[in-house]
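Quick notes on the structure that follows.
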Amino acid sequence: MAEAATLPARDVRQAMIRGFRSRCPRCGRGRLFRAFLKVVDHCSVCGEALHHQRADDAPAYFVILIVGHIVVPLALAVEVVFQPPYLVHLVLWLPLTVGLALGLLQPIKGAIVGCQWALYMHGFDPNAASEPHPPQTRSPEANR
Ligand SMILES: [Zn+2]
């Protein structure tokens with residue numbers, strides 16, 4: 001962490017907001033995504049390398065967490081107050097759940113990429129050793 005201390009501090013909140021808006025965390029103007037969840041390799045405006053991002057499963061995890069905290073209390077409240085048939089629950093909560101999940105996935109991923117960029121995580125750290133491939137930790141013979 002000694003190398004990270006020499007790097008200039010980046011505004012994590014601003015980078016996450018820019019990412020949430022699907023914009024480059026550095027300049028806030030370039031597009032962050034080239035497809036629904038595919039991050040561009042470089043910002044088209046400032047040239048910042050964004051292919052270092054390693055959001056992996058985190059966006060899905062946070063989307064499930066957020067959507068679950070919205071839909072489950074609503075479904076429980078509707079059940080307790082109105083006790084509707086199950087078909088009404090299906091018609092209410094399935095579209096809401098799918099819509100919220102699809103609507104939040106890209107902004108949440110953008111915010112995570114912005115956070116990783118602002119904190120110099122993964123390849124965003126210029127002091128990190130650049131390796132084109134992850135180091136081989138086990139030889140094929142180790143599996144025998
Ligand atoms: Zn940019």
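Going through the structure tokens in order, the chains are called A, B, and so on, while each chain numbers its residues from 1 and the ligands are numbered from 1 in the order shown.
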(request) Write out as an NGL selection string the residues lying within 9 Å of Ile112 in chain A, counting only C-alpha atoms and excluding same-chain residues fewer than 4 positions away. (result) :A and (16 or 19-20 or 53-55 or 58-59 or 107-108 or 116-117)
(request) Can you pull out every residue within 12 Å of His51 in chain A, counting only C-alpha atoms, but drop anything in the same chain fewer than 6 positions away, and send it as number ranges by chain? (result) A: 24, 32-34, 38-43, 113, 116-117, 122-124
Residue selection dump (N, CA and C atoms) as a PDB file, in the first residue's frame:
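Done, and the output landed in selection_11.pdb:
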```
ATOM      1  N   CYS A  24     -17.848   7.998 -18.051  1.00  0.00           N
ATOM      2  CA  CYS A  24     -16.471   7.737 -17.635  1.00  0.00           C
ATOM      3  C   CYS A  24     -16.241   8.300 -16.236  1.00  0.00           C
ATOM      4  N   LEU A  32     -19.476   4.915 -20.756  1.00  0.00           N
ATOM      5  CA  LEU A  32     -18.812   3.848 -20.001  1.00  0.00           C
ATOM      6  C   LEU A  32     -19.088   2.478 -20.607  1.00  0.00           C
ATOM      7  N   PHE A  33     -20.239   2.323 -21.277  1.00  0.00           N
ATOM      8  CA  PHE A  33     -20.622   1.004 -21.790  1.00  0.00           C
ATOM      9  C   PHE A  33     -20.723   1.031 -23.312  1.00  0.00           C
ATOM     10  N   ARG A  34     -20.270  -0.064 -23.946  1.00  0.00           N
ATOM     11  CA  ARG A  34     -20.445  -0.215 -25.390  1.00  0.00           C
ATOM     12  C   ARG A  34     -21.616  -1.146 -25.684  1.00  0.00           C
ATOM     13  N   LYS A  38     -21.221  -4.371 -21.179  1.00  0.00           N
ATOM     14  CA  LYS A  38     -19.842  -4.399 -21.671  1.00  0.00           C
ATOM     15  C   LYS A  38     -19.220  -3.021 -21.514  1.00  0.00           C
ATOM     16  N   VAL A  39     -18.172  -2.951 -20.703  1.00  0.00           N
ATOM     17  CA  VAL A  39     -17.488  -1.685 -20.465  1.00  0.00           C
ATOM     18  C   VAL A  39     -16.542  -1.414 -21.627  1.00  0.00           C
ATOM     19  N   VAL A  40     -16.474  -0.151 -22.064  1.00  0.00           N
ATOM     20  CA  VAL A  40     -15.560   0.220 -23.145  1.00  0.00           C
ATOM     21  C   VAL A  40     -14.121   0.004 -22.678  1.00  0.00           C
ATOM     22  N   ASP A  41     -13.226  -0.247 -23.637  1.00  0.00           N
ATOM     23  CA  ASP A  41     -11.819  -0.430 -23.279  1.00  0.00           C
ATOM     24  C   ASP A  41     -11.187   0.890 -22.838  1.00  0.00           C
ATOM     25  N   HIS A  42     -11.500   1.966 -23.566  1.00  0.00           N
ATOM     26  CA  HIS A  42     -10.954   3.286 -23.254  1.00  0.00           C
ATOM     27  C   HIS A  42     -12.057   4.324 -23.424  1.00  0.00           C
ATOM     28  N   CYS A  43     -11.995   5.377 -22.620  1.00  0.00           N
ATOM     29  CA  CYS A  43     -12.949   6.472 -22.757  1.00  0.00           C
ATOM     30  C   CYS A  43     -12.719   7.171 -24.093  1.00  0.00           C
ATOM     31  N   VAL A 113     -17.572   0.188 -11.148  1.00  0.00           N
ATOM     32  CA  VAL A 113     -16.387   0.495 -11.962  1.00  0.00           C
ATOM     33  C   VAL A 113     -15.815   1.853 -11.545  1.00  0.00           C
ATOM     34  N   GLN A 116     -13.934   1.349  -8.316  1.00  0.00           N
ATOM     35  CA  GLN A 116     -12.655   0.680  -8.549  1.00  0.00           C
ATOM     36  C   GLN A 116     -11.634   1.649  -9.148  1.00  0.00           C
ATOM     37  N   TRP A 117     -12.091   2.476 -10.075  1.00  0.00           N
ATOM     38  CA  TRP A 117     -11.195   3.452 -10.702  1.00  0.00           C
ATOM     39  C   TRP A 117     -10.696   4.452  -9.654  1.00  0.00           C
ATOM     40  N   HIS A 122      -7.268  -3.021  -8.754  1.00  0.00           N
ATOM     41  CA  HIS A 122      -6.940  -3.902  -9.882  1.00  0.00           C
ATOM     42  C   HIS A 122      -5.961  -3.195 -10.820  1.00  0.00           C
ATOM     43  N   GLY A 123      -6.211  -3.212 -12.106  1.00  0.00           N
ATOM     44  CA  GLY A 123      -5.287  -2.608 -13.065  1.00  0.00           C
ATOM     45  C   GLY A 123      -5.336  -1.090 -13.095  1.00  0.00           C
ATOM     46  N   PHE A 124      -6.250  -0.479 -12.375  1.00  0.00           N
ATOM     47  CA  PHE A 124      -6.312   0.985 -12.347  1.00  0.00           C
ATOM     48  C   PHE A 124      -5.137   1.580 -11.567  1.00  0.00           C
TER      49      PHE A 124
END
```
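Taking only C-alpha atoms and all ligand atoms into account, the residues that come within 8 Å of ligand 1 are Arg23, Cys24, Pro25, Arg26, Cys27, Gly28, Arg29, Gly30, Arg31, His42, Cys43, Ser44, Val45, Cys46, Gly47 and Glu48 of chain A.
Taking CA of Gly110 in chain A and CA of Leu94 in chain A as the two end points, the separation is 24.9 Å.
Interatomic distance, CA of Pro95 in chain A against CA of Val81 in chain A: 20.8 Å.
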(request) Work out how far CA of Val67 in chain A is from CA of Ala101 in chain A, in Å to one decimal. (result) 6.6 Å
(request) Find, counting only C-alpha atoms, the residue in A:Pro73, A:Pro84, A:Gly114, A:Gly103 that gets nearest to Ala60 in chain A. (result) A:Gly103
(message) Neighbouring residues of Val72 in chain A were defined as those with any atom within 12 Å, considering only C-alpha atoms; residues of the same chain fewer than 3 positions away were excluded. Please report them as an NGL selection string.
(response) :A and (64-69 or 75-79 or 89 or 92-94 or 96-97)
Requested write-out: N, CA and C atoms of the selected residues, as a compact mmCIF listing (two decimals), in the first residue's frame:
```
# COMPACT_ATOMS: atom_id res chain seq x y z
N ILE A 64 -29.58 -7.65 -6.43
CA ILE A 64 -30.44 -8.57 -5.67
C ILE A 64 -30.71 -8.00 -4.28
N LEU A 65 -29.68 -7.46 -3.66
CA LEU A 65 -29.83 -6.88 -2.32
C LEU A 65 -30.84 -5.72 -2.33
N ILE A 66 -30.69 -4.82 -3.28
CA ILE A 66 -31.56 -3.63 -3.34
C ILE A 66 -32.98 -4.02 -3.73
N VAL A 67 -33.12 -4.80 -4.80
CA VAL A 67 -34.46 -5.16 -5.28
C VAL A 67 -35.18 -6.00 -4.22
N GLY A 68 -34.48 -6.88 -3.56
CA GLY A 68 -35.09 -7.68 -2.50
C GLY A 68 -35.61 -6.82 -1.37
N HIS A 69 -34.87 -5.77 -1.03
CA HIS A 69 -35.31 -4.88 0.05
C HIS A 69 -36.46 -3.98 -0.36
N ALA A 75 -44.46 -6.74 -1.00
CA ALA A 75 -45.29 -7.93 -1.16
C ALA A 75 -45.89 -8.35 0.18
N LEU A 76 -45.09 -8.30 1.23
CA LEU A 76 -45.60 -8.65 2.56
C LEU A 76 -46.69 -7.67 3.00
N ALA A 77 -46.49 -6.39 2.76
CA ALA A 77 -47.48 -5.39 3.16
C ALA A 77 -48.78 -5.60 2.40
N VAL A 78 -48.68 -5.84 1.09
CA VAL A 78 -49.90 -6.06 0.29
C VAL A 78 -50.62 -7.32 0.78
N GLU A 79 -49.87 -8.37 1.09
CA GLU A 79 -50.48 -9.61 1.55
C GLU A 79 -51.18 -9.39 2.90
N HIS A 89 -50.45 -11.22 -6.88
CA HIS A 89 -49.03 -11.09 -6.48
C HIS A 89 -48.12 -11.29 -7.68
N LEU A 92 -48.23 -8.31 -9.96
CA LEU A 92 -47.60 -7.13 -9.37
C LEU A 92 -46.08 -7.26 -9.29
N TRP A 93 -45.61 -8.35 -8.70
CA TRP A 93 -44.20 -8.41 -8.28
C TRP A 93 -43.26 -8.93 -9.34
N LEU A 94 -43.74 -9.76 -10.24
CA LEU A 94 -42.83 -10.26 -11.28
C LEU A 94 -42.35 -9.14 -12.20
N LEU A 96 -42.33 -5.94 -11.60
CA LEU A 96 -41.56 -4.97 -10.80
C LEU A 96 -40.15 -5.50 -10.53
N THR A 97 -40.06 -6.77 -10.17
CA THR A 97 -38.76 -7.36 -9.87
C THR A 97 -37.86 -7.38 -11.11
```
(request) Step one, run DSSP on the backbone; step two, keep only residues of range 29-116 of chain A assigned to strand (DSSP E or B); then write them as an MDAnalysis selection string. (result) chainID A and resid 31 33 39 42 49
